[in-house]
file model.txt (compact mmCIF, C-alpha atoms)
# COMPACT_ATOMS: atom_id res chain seq x y z
CA MET C 1 -46.01 1.69 27.68
CA THR C 2 -44.78 0.25 24.42
CA LEU C 3 -44.58 -3.48 23.89
CA LEU C 4 -43.06 -5.47 21.05
CA VAL C 5 -44.76 -8.86 20.75
CA ASN C 6 -43.83 -11.73 18.44
CA ILE C 7 -47.14 -12.69 16.86
CA ALA C 8 -45.88 -14.96 14.09
CA GLY C 9 -47.26 -18.02 15.84
CA TRP C 10 -50.76 -16.53 15.93
CA GLY C 11 -51.13 -16.56 12.15
CA THR C 12 -51.34 -19.17 9.43
CA SER C 13 -48.63 -19.77 6.84
CA SER C 14 -48.42 -20.98 3.26
CA GLN C 15 -45.79 -21.10 0.52
CA SER C 16 -45.60 -21.19 -3.25
CA SER C 17 -44.60 -24.86 -3.35
CA VAL C 18 -43.38 -27.61 -1.01
CA ALA C 19 -40.29 -29.75 -1.55
CA PHE C 20 -39.94 -32.95 0.46
CA ASP C 21 -41.95 -32.49 3.68
CA TRP C 22 -40.53 -29.04 4.48
CA TYR C 23 -43.87 -27.33 5.02
CA SER C 24 -44.47 -23.63 5.59
CA GLN C 25 -45.42 -24.15 9.26
CA LYS C 26 -41.87 -25.24 10.07
CA ALA C 27 -40.82 -21.57 9.99
CA LEU C 28 -43.13 -21.02 12.99
CA ASP C 29 -42.35 -24.04 15.16
CA GLY C 30 -39.58 -22.45 17.22
CA ASN C 31 -37.11 -25.10 16.10
CA PRO C 32 -34.21 -23.76 13.95
CA PHE C 33 -33.33 -27.32 12.88
CA THR C 34 -36.57 -27.70 10.91
CA CYS C 35 -37.06 -25.60 7.78
CA THR C 36 -39.42 -24.71 4.99
CA HIS C 37 -38.38 -25.52 1.42
CA SER C 38 -39.87 -24.57 -1.93
CA GLU C 39 -39.34 -26.30 -5.24
CA ILE C 40 -36.91 -24.79 -7.74
CA GLU C 41 -39.10 -22.15 -9.35
CA SER C 42 -39.52 -18.50 -10.31
CA ASN C 43 -40.18 -16.07 -7.46
CA PRO C 44 -40.65 -18.61 -4.65
CA TRP C 45 -42.51 -17.11 -1.68
CA TRP C 46 -43.56 -17.81 1.88
CA LYS C 47 -46.61 -16.02 3.33
CA LEU C 48 -47.82 -15.40 6.87
CA ASP C 49 -51.44 -14.38 7.32
CA LEU C 50 -51.67 -12.51 10.64
CA LEU C 51 -55.49 -12.67 10.36
CA LYS C 52 -55.86 -8.94 11.04
CA VAL C 53 -53.95 -5.75 10.30
CA TYR C 54 -51.03 -4.98 12.62
CA THR C 55 -48.32 -2.34 12.86
CA VAL C 56 -45.12 -4.30 12.19
CA SER C 57 -41.98 -3.08 13.92
CA ARG C 58 -39.48 -5.71 12.77
CA VAL C 59 -39.10 -9.15 11.22
CA VAL C 60 -36.47 -11.65 12.33
CA ILE C 61 -35.28 -14.30 9.87
CA THR C 62 -33.24 -17.36 10.89
CA ASN C 63 -31.33 -19.01 8.06
CA ARG C 64 -30.97 -22.76 7.68
CA ILE C 65 -28.40 -24.33 9.99
CA LEU C 66 -27.66 -27.33 7.74
CA HIS C 67 -24.29 -27.78 6.09
CA CYS C 68 -25.08 -26.14 2.79
CA CYS C 69 -26.91 -23.53 0.84
CA SER C 70 -26.93 -20.61 3.27
CA GLU C 71 -26.52 -18.30 0.27
CA ARG C 72 -29.96 -19.24 -1.04
CA ILE C 73 -31.51 -16.55 1.19
CA ASN C 74 -29.48 -13.82 -0.53
CA GLY C 75 -31.68 -11.23 -2.21
CA ALA C 76 -34.88 -12.28 -0.49
CA GLU C 77 -37.38 -9.47 0.04
CA ILE C 78 -39.51 -9.03 3.16
CA ARG C 79 -42.82 -7.43 2.23
CA VAL C 80 -45.66 -6.28 4.49
CA GLY C 81 -49.12 -5.32 3.27
CA ASN C 82 -52.74 -6.25 2.69
CA ASP C 83 -52.72 -7.91 -0.74
CA SER C 84 -52.80 -11.66 -0.31
CA SER C 85 -52.85 -12.54 -4.00
CA ASP C 86 -50.00 -10.45 -5.47
CA VAL C 87 -46.85 -10.60 -3.37
CA PHE C 88 -45.09 -7.84 -5.31
CA SER C 89 -47.88 -5.31 -4.77
CA ASN C 90 -47.05 -5.22 -1.06
CA PRO C 91 -44.42 -2.67 0.08
CA ILE C 92 -40.87 -3.81 0.86
CA CYS C 93 -39.73 -3.78 4.48
CA ALA C 94 -36.19 -4.97 3.75
CA ILE C 95 -33.97 -6.86 1.31
CA ILE C 96 -31.79 -9.61 2.75
CA THR C 97 -28.25 -9.36 1.40
CA SER C 98 -27.03 -12.44 3.29
CA ILE C 99 -27.46 -14.32 6.58
CA PRO C 100 -24.81 -16.78 7.79
CA GLY C 101 -26.00 -20.36 8.25
CA GLY C 102 -27.91 -20.72 11.51
CA ALA C 103 -27.84 -16.98 12.26
CA SER C 104 -30.85 -14.77 13.00
CA TYR C 105 -30.98 -11.27 11.52
CA SER C 106 -33.46 -8.57 12.49
CA TYR C 107 -34.97 -6.21 9.89
CA LEU C 108 -36.72 -3.00 10.93
CA CYS C 109 -40.05 -2.34 9.20
CA ASN C 110 -40.64 1.11 10.72
CA ARG C 111 -44.23 0.51 11.76
CA MET C 112 -45.49 -0.74 8.39
CA GLU C 113 -49.16 -1.74 8.50
CA GLY C 114 -50.40 -4.98 7.04
CA ARG C 115 -52.14 -8.29 7.50
CA TYR C 116 -49.66 -10.30 5.41
CA VAL C 117 -45.90 -10.79 5.74
CA PHE C 118 -44.16 -12.22 2.69
CA VAL C 119 -40.64 -13.49 2.15
CA VAL C 120 -39.96 -13.81 -1.58
CA ILE C 121 -36.85 -14.33 -3.74
CA PRO C 122 -37.28 -12.62 -7.12
CA GLY C 123 -35.82 -14.42 -10.10
CA THR C 124 -35.84 -17.71 -11.99
CA SER C 125 -34.60 -21.09 -10.76
CA LYS C 126 -34.69 -20.03 -7.10
CA ILE C 127 -35.25 -21.98 -3.88
CA LEU C 128 -36.61 -20.39 -0.69
CA THR C 129 -35.69 -22.04 2.61
CA LEU C 130 -36.50 -20.55 6.01
CA ALA C 131 -35.58 -21.96 9.40
CA GLU C 132 -37.60 -19.52 11.48
CA VAL C 133 -39.60 -16.29 11.03
CA GLU C 134 -40.56 -13.93 13.85
CA VAL C 135 -42.82 -10.90 13.40
CA TYR C 136 -42.81 -8.24 16.10
CA VAL C 137 -45.70 -5.79 16.26
CA VAL C 138 -46.18 -2.65 18.29
CA TYR C 139 -48.68 -2.17 21.07
CA PRO C 140 -48.07 1.49 21.89
CA GLY C 141 -49.60 2.97 25.01
CA ASN C 142 -51.94 0.05 25.76
CA LEU C 143 -52.74 0.59 29.43
CA ALA C 144 -53.86 -3.02 29.75
CA ALA C 145 -50.20 -4.07 29.57
CA GLY C 146 -49.18 -5.37 32.97
CA ALA C 147 -52.63 -4.86 34.47
CA SER C 148 -54.74 -7.59 36.08
CA ALA C 149 -58.10 -9.01 35.04
CA THR C 150 -60.90 -11.00 36.65
CA GLN C 151 -64.34 -12.17 35.58
CA SER C 152 -67.62 -13.35 37.07
CA SER C 153 -66.95 -17.00 36.20
CA THR C 154 -64.53 -19.00 34.07
CA VAL C 155 -65.33 -21.80 31.67
CA GLY C 156 -62.49 -24.30 31.32
CA SER C 157 -59.19 -22.71 30.32
CA TRP C 158 -60.74 -19.41 29.16
CA ILE C 159 -59.27 -17.34 31.98
CA ALA C 160 -59.71 -13.57 32.32
CA GLU C 161 -56.06 -12.70 31.71
CA GLN C 162 -56.21 -14.16 28.19
CA ALA C 163 -58.16 -11.08 27.10
CA ILE C 164 -55.05 -8.96 27.73
CA ASP C 165 -52.33 -11.33 26.46
CA PHE C 166 -51.93 -9.46 23.11
CA ASN C 167 -53.03 -12.62 21.29
CA PRO C 168 -56.41 -12.13 19.56
CA GLY C 169 -57.05 -15.85 19.80
CA PHE C 170 -57.52 -16.68 16.14
CA TYR C 171 -54.80 -19.34 16.09
CA PRO C 172 -54.21 -22.01 17.23
CA LYS C 173 -57.50 -21.87 19.16
CA PRO C 174 -59.48 -19.33 21.19
CA SER C 175 -59.52 -21.41 24.37
CA LEU C 176 -55.80 -20.69 24.77
CA SER C 177 -55.99 -16.95 24.23
CA CYS C 178 -59.53 -15.64 24.88
CA SER C 179 -61.52 -15.22 28.08
CA SER C 180 -65.02 -16.57 28.63
CA THR C 181 -67.57 -16.84 31.40
CA HIS C 182 -70.10 -19.60 31.92
CA THR C 183 -73.69 -19.11 30.83
CA GLN C 184 -75.08 -16.93 33.61
CA THR C 185 -77.00 -13.80 34.51
CA ASN C 186 -75.14 -10.53 33.88
CA PRO C 187 -71.69 -12.00 33.08
CA TRP C 188 -68.86 -9.50 33.51
CA TRP C 189 -65.11 -9.02 33.02
CA ARG C 190 -63.02 -6.39 34.84
CA LEU C 191 -59.60 -4.85 34.20
CA ASP C 192 -57.74 -3.21 37.08
CA LEU C 193 -55.41 -0.54 35.68
CA ARG C 194 -53.94 -0.12 39.20
CA HIS C 195 -53.96 3.67 38.85
CA ILE C 196 -56.53 6.23 37.74
CA TYR C 197 -56.31 7.15 34.05
CA ARG C 198 -58.20 9.32 31.60
CA VAL C 199 -59.42 6.72 29.13
CA SER C 200 -59.71 7.96 25.55
CA ARG C 201 -60.76 4.69 23.90
CA VAL C 202 -61.28 0.98 24.41
CA VAL C 203 -60.66 -1.59 21.67
CA VAL C 204 -62.49 -4.92 21.81
CA THR C 205 -61.68 -7.91 19.58
CA ASN C 206 -64.41 -10.49 19.08
CA ARG C 207 -63.91 -14.22 18.69
CA ASN C 208 -63.31 -15.63 15.21
CA ASP C 209 -64.53 -19.22 15.45
CA CYS C 210 -68.24 -19.00 16.29
CA CYS C 211 -70.88 -17.20 18.31
CA SER C 212 -69.90 -13.67 17.32
CA GLU C 213 -73.36 -12.44 18.33
CA ARG C 214 -72.67 -13.18 21.98
CA ILE C 215 -70.91 -9.81 22.36
CA ASN C 216 -74.05 -7.92 21.33
CA GLY C 217 -75.33 -5.59 24.02
CA ALA C 218 -72.16 -5.63 26.13
CA GLU C 219 -71.60 -2.43 28.09
CA ILE C 220 -68.18 -0.85 28.62
CA ARG C 221 -68.05 0.87 32.01
CA ILE C 222 -65.23 2.95 33.49
CA GLY C 223 -64.77 4.33 36.99
CA ASN C 224 -63.24 3.97 40.43
CA SER C 225 -65.97 2.12 42.31
CA LEU C 226 -66.07 -1.60 43.05
CA ASP C 227 -69.75 -1.50 44.00
CA ASN C 228 -71.49 -4.37 42.23
CA ASN C 229 -68.01 -5.54 41.12
CA GLY C 230 -67.49 -2.27 39.24
CA ASN C 231 -70.55 -2.73 37.08
CA ASN C 232 -72.25 0.42 38.42
CA ASN C 233 -69.54 2.71 37.03
CA PRO C 234 -70.49 5.11 34.21
CA VAL C 235 -71.05 3.71 30.71
CA CYS C 236 -68.54 4.54 27.99
CA ALA C 237 -70.30 2.62 25.22
CA VAL C 238 -72.73 -0.17 24.41
CA ILE C 239 -71.54 -2.71 21.85
CA SER C 240 -74.26 -3.30 19.28
CA SER C 241 -72.26 -5.94 17.39
CA ILE C 242 -68.71 -6.79 16.29
CA PRO C 243 -68.19 -9.08 13.28
CA ALA C 244 -66.32 -12.32 13.94
CA GLY C 245 -62.59 -11.69 14.27
CA ASP C 246 -62.90 -7.91 14.04
CA SER C 247 -61.66 -5.25 16.46
CA ALA C 248 -63.96 -2.31 17.25
CA ASN C 249 -62.95 1.07 18.76
CA TYR C 250 -65.11 2.80 21.36
CA THR C 251 -64.42 6.44 22.24
CA CYS C 252 -64.64 7.20 25.96
CA ASN C 253 -63.91 10.96 25.90
CA ASP C 254 -61.29 10.91 28.67
CA MET C 255 -63.48 9.21 31.26
CA GLU C 256 -61.52 8.86 34.50
CA GLY C 257 -61.18 5.54 36.22
CA ARG C 258 -59.09 2.71 37.55
CA TYR C 259 -61.46 -0.06 36.48
CA VAL C 260 -62.68 -0.99 32.99
CA ASN C 261 -65.63 -3.38 33.00
CA LEU C 262 -67.47 -5.20 30.26
CA ILE C 263 -70.86 -6.63 31.24
CA ILE C 264 -73.72 -8.16 29.27
CA PRO C 265 -77.01 -7.53 31.10
CA GLY C 266 -79.54 -10.33 30.94
CA HIS C 267 -80.21 -13.97 31.71
CA SER C 268 -78.41 -16.96 30.18
CA ARG C 269 -75.64 -14.86 28.65
CA VAL C 270 -71.98 -15.68 27.91
CA LEU C 271 -69.23 -13.04 27.77
CA THR C 272 -66.25 -13.97 25.58
CA LEU C 273 -63.41 -11.53 24.91
CA CYS C 274 -60.44 -12.27 22.66
CA GLU C 275 -58.63 -8.99 23.32
CA VAL C 276 -59.28 -5.78 25.23
CA GLU C 277 -57.00 -2.77 24.75
CA VAL C 278 -57.29 0.46 26.74
CA TYR C 279 -55.74 3.73 25.58
CA GLY C 280 -55.59 7.04 27.33
CA GLU C 281 -53.66 9.50 29.40
CA GLY C 282 -51.94 8.40 32.56
CA ASN C 283 -49.07 9.28 34.84
CA LEU C 284 -46.08 8.21 32.76
CA ALA C 285 -43.74 8.59 35.73
CA ILE C 286 -44.93 5.16 36.85
CA GLY C 287 -42.07 2.68 36.70
CA ARG C 288 -39.62 5.12 35.09
CA SER C 289 -36.12 6.16 36.19
CA ALA C 290 -34.97 9.48 37.62
CA THR C 291 -31.63 11.13 38.27
CA GLN C 292 -30.46 14.49 39.59
CA SER C 293 -27.39 16.72 39.58
CA SER C 294 -26.47 15.84 43.17
CA THR C 295 -28.12 14.10 46.10
CA TYR C 296 -28.46 15.48 49.59
CA GLY C 297 -28.35 12.67 52.16
CA SER C 298 -31.15 10.18 51.62
CA TRP C 299 -33.17 12.51 49.36
CA MET C 300 -32.81 10.34 46.22
CA ALA C 301 -34.14 11.30 42.79
CA GLU C 302 -36.53 8.32 42.60
CA GLN C 303 -38.37 9.53 45.71
CA ALA C 304 -40.01 12.22 43.56
CA ILE C 305 -41.88 9.48 41.66
CA ASP C 306 -42.76 7.12 44.54
CA PHE C 307 -46.42 8.27 44.82
CA ASN C 308 -45.73 9.49 48.34
CA PRO C 309 -45.89 13.30 48.67
CA GLY C 310 -43.62 13.11 51.69
CA PHE C 311 -45.51 15.38 54.04
CA THR C 312 -44.65 13.40 57.19
CA GLN C 313 -41.05 12.38 56.46
CA PRO C 314 -39.74 14.33 53.47
CA SER C 315 -36.25 12.81 53.69
CA LEU C 316 -37.71 9.37 52.96
CA SER C 317 -40.04 10.36 50.13
CA CYS C 318 -38.84 13.58 48.48
CA SER C 319 -35.82 14.26 46.30
CA SER C 320 -33.29 17.01 46.94
CA THR C 321 -30.02 18.22 45.51
CA ASN C 322 -27.18 19.79 47.41
CA ASN C 323 -26.77 23.56 47.47
CA GLN C 324 -25.20 24.19 44.05
CA THR C 325 -25.30 26.12 40.78
CA ASP C 326 -28.18 25.22 38.44
CA PRO C 327 -29.46 22.13 40.29
CA TRP C 328 -31.56 19.80 38.12
CA TRP C 329 -33.70 16.65 38.22
CA ARG C 330 -34.50 14.46 35.18
CA LEU C 331 -37.12 11.82 34.40
CA ASP C 332 -36.51 9.32 31.59
CA LEU C 333 -39.84 8.19 30.07
CA ARG C 334 -37.93 5.59 27.97
CA ASN C 335 -39.99 6.40 24.87
CA THR C 336 -41.07 9.57 23.13
CA TYR C 337 -44.45 10.92 24.27
CA ARG C 338 -46.68 13.92 23.73
CA VAL C 339 -46.77 15.51 27.18
CA SER C 340 -50.03 17.25 28.01
CA ARG C 341 -49.26 18.33 31.59
CA VAL C 342 -46.78 18.05 34.44
CA VAL C 343 -47.85 18.12 38.09
CA VAL C 344 -45.32 19.19 40.75
CA THR C 345 -45.90 18.81 44.50
CA ASN C 346 -43.90 21.07 46.80
CA ARG C 347 -42.54 20.15 50.21
CA ASN C 348 -44.75 20.77 53.24
CA ASP C 349 -42.29 21.12 56.13
CA CYS C 350 -40.26 24.20 55.26
CA CYS C 351 -38.67 26.24 52.53
CA PRO C 352 -41.49 26.25 49.92
CA GLU C 353 -39.86 29.26 48.24
CA ARG C 354 -36.94 27.11 47.07
CA ILE C 355 -39.03 25.88 44.10
CA ASN C 356 -39.52 29.45 42.84
CA GLY C 357 -38.09 29.96 39.35
CA ALA C 358 -37.77 26.26 38.50
CA GLU C 359 -38.14 25.51 34.79
CA VAL C 360 -39.95 22.48 33.38
CA ARG C 361 -38.24 21.35 30.16
CA ILE C 362 -39.23 18.54 27.77
CA GLY C 363 -37.40 17.03 24.80
CA ASN C 364 -35.23 14.27 23.37
CA SER C 365 -31.76 15.75 23.83
CA LEU C 366 -29.32 14.93 26.61
CA GLU C 367 -27.10 17.90 25.82
CA ASN C 368 -26.35 19.76 29.04
CA ASN C 369 -28.03 16.83 30.83
CA GLY C 370 -31.33 17.59 29.07
CA ASN C 371 -31.54 21.12 30.42
CA ASP C 372 -31.38 22.71 26.96
CA ASN C 373 -34.62 21.07 25.85
CA PRO C 374 -37.64 23.33 25.13
CA LYS C 375 -39.38 24.96 28.06
CA CYS C 376 -42.89 23.92 29.08
CA ALA C 377 -43.27 26.28 32.04
CA VAL C 378 -41.57 28.36 34.72
CA ILE C 379 -42.75 27.79 38.27
CA SER C 380 -43.30 31.16 39.91
CA ARG C 381 -44.26 29.62 43.25
CA ILE C 382 -46.07 26.64 44.78
CA PRO C 383 -47.43 26.93 48.33
CA ALA C 384 -46.15 24.40 50.88
CA GLY C 385 -47.72 20.97 50.39
CA VAL C 386 -49.61 22.01 47.26
CA SER C 387 -49.61 20.30 43.84
CA SER C 388 -49.56 22.62 40.83
CA THR C 389 -50.35 21.63 37.24
CA TYR C 390 -48.43 22.99 34.24
CA THR C 391 -49.92 22.58 30.76
CA CYS C 392 -47.37 21.54 28.13
CA ASN C 393 -49.61 21.52 25.02
CA CYS C 394 -48.49 18.15 23.69
CA MET C 395 -44.77 18.89 23.75
CA VAL C 396 -42.85 15.92 22.35
CA GLY C 397 -40.05 14.33 24.33
CA ARG C 398 -38.52 11.44 26.19
CA TYR C 399 -36.98 13.48 29.01
CA VAL C 400 -38.68 15.74 31.54
CA ASN C 401 -36.30 18.05 33.41
CA LEU C 402 -36.74 20.48 36.26
CA ILE C 403 -33.91 22.95 36.74
CA ILE C 404 -33.46 26.06 38.90
CA PRO C 405 -31.03 28.45 37.19
CA GLY C 406 -28.70 30.34 39.50
CA ASP C 407 -26.00 30.03 42.12
CA LEU C 408 -26.47 28.51 45.58
CA ARG C 409 -29.82 26.92 44.77
CA ILE C 410 -31.45 23.73 46.08
CA LEU C 411 -34.04 21.74 44.10
CA THR C 412 -36.45 19.71 46.25
CA LEU C 413 -39.33 17.76 44.71
CA CYS C 414 -41.87 15.78 46.72
CA GLU C 415 -43.75 14.41 43.70
CA VAL C 416 -43.62 14.80 39.94
CA GLU C 417 -46.38 13.42 37.72
CA VAL C 418 -46.21 13.46 33.92
CA TYR C 419 -49.39 12.96 31.93
CA ALA C 420 -48.94 12.05 28.31
CA GLU C 421 -49.87 9.76 25.47
CA TYR C 422 -47.58 7.74 23.22
CA LEU C 423 -46.35 9.73 20.22
CA ALA C 424 -48.44 7.69 17.76
CA GLN C 425 -51.67 8.69 19.51
CA ARG C 426 -53.76 11.83 19.49
CA CYS C 427 -52.99 14.32 22.25
call {"tool": "encode", "arguments": {"input": "model.txt", "output": "structure tokens"}}
result
Amino acid sequence: MTLLVNIAGWGTSSQSSVAFDWYSQKALDGNPFTCTHSEIESNPWWKLDLLKVYTVSRVVITNRILHCCSERINGAEIRVGNDSSDVFSNPICAIITSIPGGASYSYLCNRMEGRYVFVVIPGTSKILTLAEVEVYVVYPGNLAAGASATQSSTVGSWIAEQAIDFNPGFYPKPSLSCSSTHTQTNPWWRLDLRHIYRVSRVVVTNRNDCCSERINGAEIRIGNSLDNNGNNNPVCAVISSIPAGDSANYTCNDMEGRYVNLIIPGHSRVLTLCEVEVYGEGNLAIGRSATQSSTYGSWMAEQAIDFNPGFTQPSLSCSSTNNQTDPWWRLDLRNTYRVSRVVVTNRNDCCPERINGAEVRIGNSLENNGNDNPKCAVISRIPAGVSSTYTCNCMVGRYVNLIIPGDLRILTLCEVEVYAEYLAQRC
């Protein structure tokens, strides 16, 4: 899953100078009627400190809505990088030619990495005014997205879900974006991924305000058991320490599990988490869309990704085409992934030989309905009611097709699972 999150409000802003009371923070207040304003000067700039390095997808700039001076934004450069002291040493994301008064324009930054986002107008006798700035960053493949969290106890407003809200909690204050237990024995936090995944790594972000040592000794555990609230599952890693405000990566070597726990063993301990990210390989068919060349009766395409193998009532939980030439079925993953394997479950009631000769194809093209994409495998046969796995060796693609070449063929699928990682990750 890939999420774009506006994190501009999580950082702190500053600008080269302040005219009137038009402070830098007014570009982050969500109100297009309030603006920032520099003095007349050379190379006026506005800076956003995101407080840690992010992968920036795009920046949205809203121009002033007042009755003058919309042209002042012309020629402004958006820069993203890690140098806080020299604006021009940071790479350029985009140059603003013009933005009509009150309009918002989006500028793609193509996954530039940086802690700082600058808007600067090069030249002499310039004024920089900004009504609003939004910065969207990428969270590719974070399995914590859309999952649920709980913890052993909750102090005040520090609820469990705030550890998976994509806000590291540095600004405006951790109590609104971090989780925390009370002081207790063996405090724990648990993430329910809702399905079993192969977890490659877990990223933990520590609090930035105080007490960074409280994370020391925390255990990351992954598995499928809820015995002892999931805290008996195998250990992925033990956190020795994480500096305040830092994010640390822990490799889990494809441990399988539905639950990810963090627990600090001992008496009078507090567990505070400002962000937990989980990356790994899972069934990417979850929540996706499917279509097929034709539909026989109630045997709809989506029934091949409903997690029901359809052994008792295939017509309500398997897909099937009509009898036709070159029948096909296609899954849209919505983003480009590296596909490691595809699992196909054959029908159990009759006709298992109908799957024979089906091709699994993966790619980004929709030419010939996606059936011209590269071939992962050819299914020679699958016994009735059996699930067979086909290794695709990290083939890259958005679409997964199954097609049976030939005349008078029927394609029936009782379940299709696609295991992959987002393109930006290792496969």
call {"tool": "closest_residue", "arguments": {"input": "model.txt", "among": "C:Gly266, C:Pro187, C:Gly280, C:Pro374", "to": "Val199 (chain C)", "atoms": "all atoms listed in the file"}}
result
C:Gly280
call {"tool": "atom_distance", "arguments": {"input": "model.txt", "atom1": "CA of Ser38 (chain C)", "atom2": "CA of Lys173 (chain C)"}}
result
27.6 Å
call {"tool": "closest_residue", "arguments": {"input": "model.txt", "among": "C:Val360, C:Ala103, C:Leu48, C:Val120", "to": "Asp372 (chain C)", "atoms": "all atoms listed in the file"}}
result
C:Val360
call {"tool": "residues_around", "arguments": {"input": "model.txt", "residues": "region 343-357 of chain C", "least_positions_apart": "6", "cutoff": "8 Å", "atoms": "all atoms listed in the file", "output": "PyMOL selection string"}}
result
chain C and resi 309-311+314+318+378-390+404-405+409-418
call {"tool": "residues_around", "arguments": {"input": "model.txt", "residues": "region 11-15 of chain C", "least_positions_apart": "2", "cutoff": "10 Å", "atoms": "all atoms listed in the file", "output": "PyMOL selection string"}}
result
chain C and resi 7-9+17-18+23-28+36-38+44-52+115-120+128+169-172
call {"tool": "residues_around", "arguments": {"input": "model.txt", "residues": "Ile264 (chain C)", "least_positions_apart": "5", "cutoff": "9 Å", "atoms": "only C-alpha atoms", "output": "PyMOL selection string"}}
result
chain C and resi 185-188+214-219+269-271
call {"tool": "closest_residue", "arguments": {"input": "model.txt", "among": "C:Asn283, C:Asn167, C:Gln184, C:Asn249", "to": "Leu143 (chain C)", "atoms": "all atoms listed in the file"}}
result
C:Asn283
call {"tool": "atom_distance", "arguments": {"input": "model.txt", "atom1": "CA of Leu331 (chain C)", "atom2": "CA of Asn110 (chain C)"}}
result
26.2 Å
call {"tool": "residues_around", "arguments": {"input": "model.txt", "residues": "Thr272 (chain C)", "least_positions_apart": "5", "cutoff": "8 Å", "atoms": "all atoms listed in the file", "output": "VMD selection string"}}
result
chain C and resid 178 to 181 206 to 207 214 to 215
call {"tool": "atom_distance", "arguments": {"input": "model.txt", "atom1": "CA of Gly146 (chain C)", "atom2": "CA of Pro243 (chain C)"}}
result
27.6 Å
call {"tool": "residues_around", "arguments": {"input": "model.txt", "residues": "Gly287 (chain C)", "least_positions_apart": "4", "cutoff": "10 Å", "atoms": "only C-alpha atoms", "output": "JSON, numbers by chain"}}
result
{"C": [1, 283, 302, 305, 306, 333]}
call {"tool": "closest_residue", "arguments": {"input": "model.txt", "among": "C:Val137, C:Ile263, C:Val339, C:Ala301", "to": "Asn231 (chain C)", "atoms": "all atoms listed in the file"}}
result
C:Ile263
call {"tool": "closest_residue", "arguments": {"input": "model.txt", "among": "C:Asn261, C:Ser319, C:Asn308, C:Asn233", "to": "Ser152 (chain C)", "atoms": "all atoms listed in the file"}}
result
C:Asn261
call {"tool": "closest_residue", "arguments": {"input": "model.txt", "among": "C:Glu132, C:Glu39, C:Glu281, C:Asp86", "to": "Arg258 (chain C)", "atoms": "all atoms listed in the file"}}
result
C:Glu281
call {"tool": "decode", "arguments": {"input": "model.txt", "residues": "region 302-315 of chain C", "atoms": "C-alpha atoms", "output": "tab-separated table (two decimals), in the first residue's frame"}}
result
chain	number	residue	atom	x	y	z
C	302	GLU	CA	-13.80	-10.35	-7.69
C	303	GLN	CA	-14.73	-13.75	-6.25
C	304	ALA	CA	-11.21	-14.95	-7.08
C	305	ILE	CA	-9.82	-12.52	-4.46
C	306	ASP	CA	-12.46	-12.90	-1.72
C	307	PHE	CA	-10.31	-15.19	0.50
C	308	ASN	CA	-12.88	-17.94	0.08
C	309	PRO	CA	-11.59	-20.91	-1.96
C	310	GLY	CA	-15.15	-21.79	-2.88
C	311	PHE	CA	-15.08	-25.50	-2.20
C	312	THR	CA	-18.68	-25.69	-0.96
C	313	GLN	CA	-20.41	-23.24	-3.31
C	314	PRO	CA	-18.08	-22.34	-6.18
C	315	SER	CA	-20.66	-20.16	-7.92
